[in-house]
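**Student:** Just dropping this structure here.
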Amino acid sequence: MRASSRSIAFTAALSAAGLFSGSCAAHEMAPQDADVVVIGAGIGGLAAALEASDGGARVVVVDANSVGGGHAVLASGFSFVGTPLQEKNGFRDDPELAIRDIMAWGEDADEYWVRRYVEASRTEVHDWLRAKGVEFAMILPNAEDSVPRFHLTRGGAVNAVLPMLREALSRDSITFVWNREATRLLRDTRGIAGVVTRDLRTGRSLTLRAPAVVLATGGFESNDEMVRAHWPAGRAIPDPLYVGSGEFATGSGLGLATAAGAALTRMDRQLVYVTGLPNPRDPSGRRGLLVLNPAAIMVDDHGRRFVNESAPSKVIESLVMARSPPAYWLLFDAAGRSQLMIRGGPWLNSQTIAAEIMDNPRLVKRADSIGALAVATGLPADALVSTVERYNGFVVRGSDEDFGRFGPGVSGGAVPSLTEPPFYAIRLYPMTRKSMGGIVIDHDARALDRDRRPITGLYAAGEVTGIAGINGSHGGSGTFLGPSLLIGRIAGRTAAAQIALTQERRQDAPATALLPDAPPAPADTRTLASRIRQEAPGFWHFTQAHRLVVERQEQCATCHSAAWPPGPAIGRAQRLAQLESCKRCH
Ligand SMILES: Cc1cc2nc3c(=O)[nH]c(=O)nc-3n(C[C@H](O)[C@H](O)[C@H](O)COP(=O)(O)OP(=O)(O)OC[C@H]3O[C@@H](n4cnc5c(N)ncnc54)[C@H](O)[C@@H]3O)c2cc1C
């Protein structure tokens, strides 16, 4: 039977069963079906797609964004155990030690997945990425690791996902559909039967039929309602609470999964950073930037220090979150200014940081004396002056008598005093970041229902599973990307194996006959300027990127070429050419 007539018959059957209401005029059928549909082109989804394709499956990857990579594009490194780079640096690691470290840090981590990741991180993640040309530049120590394990990707973790995207785009067995949000999973008597998607640009819906669907839609930390609904019981929700996660981290995959009967777990394990500064470029006022300064002290609303500022992040997070209000001031002087780090968008560079943040009196208070800084911040002057004097005295004597930040027996470098005007104070707030709970999966990355039975044809990987609980209640450094990739590979492998077992393999052409992306966008510079003011649905990334293009006065030809003229990338070759531009911003 031809795929198209099967699809129609199949849709009719679903409609009859009341599972599918696809008869509206805006609905179109895909002329071809796939073996595996992967929802989400982040690191988890890309790993699943590549692995399923290795297993012989024809894969369609659907993403709501117009470009791939997900959060990894903004991330930096991976936690690996037992790599050549560790060895070269003289760091002798051992799986049992790593398992103990991760279990201790997370406090209630899923031991199976911790062990599985630790044992596979070198071979199935590190070596797999190395074989694709990914390089790791150096290893940073972290509080949770008794041996340094945080491997910084050379040039950022974007350089880990770009080769994955490149490889996926080069394979005939993998097809991408962009700007399409998965809105519903289809089920039949055997299990999952496909997914309904909606084109964000045109509103048109498209049904993709497949006996296996991998959910890799990421976390829910940008969905204020879900964040609040799953806030840990008995704890106050901070106000304000900024968003430090991506535009598409809306948790929509969790809704799809639960509607298909999947169970969720650990939903209240949310990694909230306490280093959030309101993003001055965000018109909604909801989004935060990440601010750190190892040369600073932290003071509360009484003008007093309250923590060892060099303590592990989870200690500081717990302490700040338990305070009322859960906000504080980061104080540093002119010398400490050079150690200030602000992260959270490709628009941040030394000029924009100076002009839009450091010179913005709403965000940063600056004064020539601590007394004047107290006036600017509204903090009690006597208390603030005596806090800084006391701290400076500790620095001179080489011992922090109040919080043990430095002193005899404490490791770590010298800490500067706050003596050189001007003095700065930045108020920082909690900011959502990463989900550590989500869809319950088994050891083969199959999604489980409320009775802990696998839902036939449904798989999940990455942050939508809460990274399978490997972070417990406290997110570690680098323990999101690597496990997302590993679980993605497992999901893709299982899905392909199931297809091979349960379905007669179709020998017809690869699933490339999907509908064209969307109507072409106007390509000239003049309309570009007006277009990026509009923020049309489905053009989020285009708008973000070209605002920067306009601001930096870049020539279109810097990124666009004869192989990909200024316009939508249609087809594989143009998508591949497009990947050459990503590093200009990321
Ligand atoms: C700023 C930042 C820095 C980080 N740094 C690190 C780090 O250094 N090390 C580390 O280990 N971890 C880090 N993390 C966490 C890590 O990046 C993520 O946990 C990981 O990348 C998640 O991968 P994923 O594939 O599961 O999801 P994502 O990367 O979130 O990808 C999900 C994809 O699904 C798409 N999608 C969502 N819903 C739908 C839908 N309904 N239909 C179609 N598509 C949909 C999205 O557009 C997106 O492309 C960081 C996170 C952030 C936010």
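If you're wondering about the labels, chains in the structure tokens are A, B, ... by order shown, residues count from 1 in each chain, ligands from 1 in order shown.
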Could you list, as a ChimeraX atom specification, all protein and nucleic acid residues with an atom at most 7 Å from ligand 1, counting only C-alpha atoms and all ligand atoms?
**Tutor:** /A:39-45,62-65,68-72,74-79,180-183,216-219,244-246,248-253,344,433-434,461-464,477-482,484
**Student:** Please provide as an NGL selection string all residues within 12 Å of Glu535 in chain A, with the sequence filter that same-chain residues fewer than 4 positions apart are discarded (counting only C-alpha atoms).
**Tutor:** :A and (201 or 528-531 or 539-547)
**Student:** Would you pick out the contacts of Leu340 in chain A at 12 Å or less, using only C-alpha atoms, so that residues sharing its chain but fewer than 2 positions from it are not included, and give the list as a CSV table (one decimal) with C-alpha atoms, in the first residue's frame?
**Tutor:**
```csv
chain,number,residue,atom,x,y,z
A,290,LEU,CA,23.8,35.6,34.9
A,291,VAL,CA,26.2,37.7,36.9
A,292,LEU,CA,29.3,36.4,38.8
A,293,ASN,CA,32.2,38.1,40.4
A,294,PRO,CA,34.7,36.1,42.4
A,295,ALA,CA,36.2,39.3,43.7
A,296,ALA,CA,33.0,40.5,45.3
A,330,LEU,CA,27.0,42.0,45.0
A,331,LEU,CA,29.6,44.5,46.1
A,332,PHE,CA,33.0,45.1,44.5
A,333,ASP,CA,35.5,47.9,43.8
A,334,ALA,CA,37.3,49.3,40.8
A,335,ALA,CA,39.9,46.6,41.0
A,336,GLY,CA,37.3,43.8,41.3
A,337,ARG,CA,35.4,45.2,38.3
A,338,SER,CA,37.8,43.3,36.0
A,342,ILE,CA,27.9,38.8,32.7
A,343,ARG,CA,26.5,36.0,30.5
A,350,SER,CA,32.5,44.8,26.6
A,353,ILE,CA,28.1,45.6,29.1
A,354,ALA,CA,29.6,49.0,29.9
A,357,ILE,CA,24.5,47.5,32.3
A,358,MET,CA,27.4,49.2,34.1
A,424,TYR,CA,29.8,49.0,42.7
A,425,ALA,CA,26.7,47.3,44.0
A,426,ILE,CA,24.5,45.0,41.9
```
**Student:** I'd like the contact shell of Trp105 in chain A - 7 Å cut-off, only C-alpha atoms, skipping same-chain residues fewer than 2 positions apart - returned as a PyMOL selection string.
**Tutor:** chain A and resi 101-103+107+144+474
**Student:** Within 9 Å of Val36 in chain A, counting only C-alpha atoms, which residues show up once you throw out same-chain ones fewer than 3 positions away? Write them as a PyMOL selection string, please.
**Tutor:** chain A and resi 33+49+52-53+57-61+194+209-214+457+492+495-496+499
**Student:** Got a sec to tell me which of range 209-322 of chain A DSSP assigns to strand (DSSP E), as a count of residues only?
**Tutor:** 26
**Student:** For each of A:Ala34, A:Ile174, A:Ile192, A:Leu97, take the minimum atom-to-atom distance to Val147 in chain A, counting only C-alpha atoms, then give the residue where this is smallest.
**Tutor:**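 Between A:Ala34, A:Ile174, A:Ile192, A:Leu97, the residue approaching Val147 in chain A most closely is A:Leu97.
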**Student:** So, counting only C-alpha atoms, which residue among A:Pro141, A:Arg452, A:Arg366, A:Glu225 is closest to Gly412 in chain A?
**Tutor:**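 Among the listed residues, the smallest separation from Gly412 in chain A belongs to A:Pro141.
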**Student:** Just give me the gap between CA of Leu384 in chain A and CA of Gly303 in chain A in Å, one decimal is fine.
**Tutor:**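 Spanning CA of Leu384 in chain A to CA of Gly303 in chain A is a straight-line distance of 4.6 Å.
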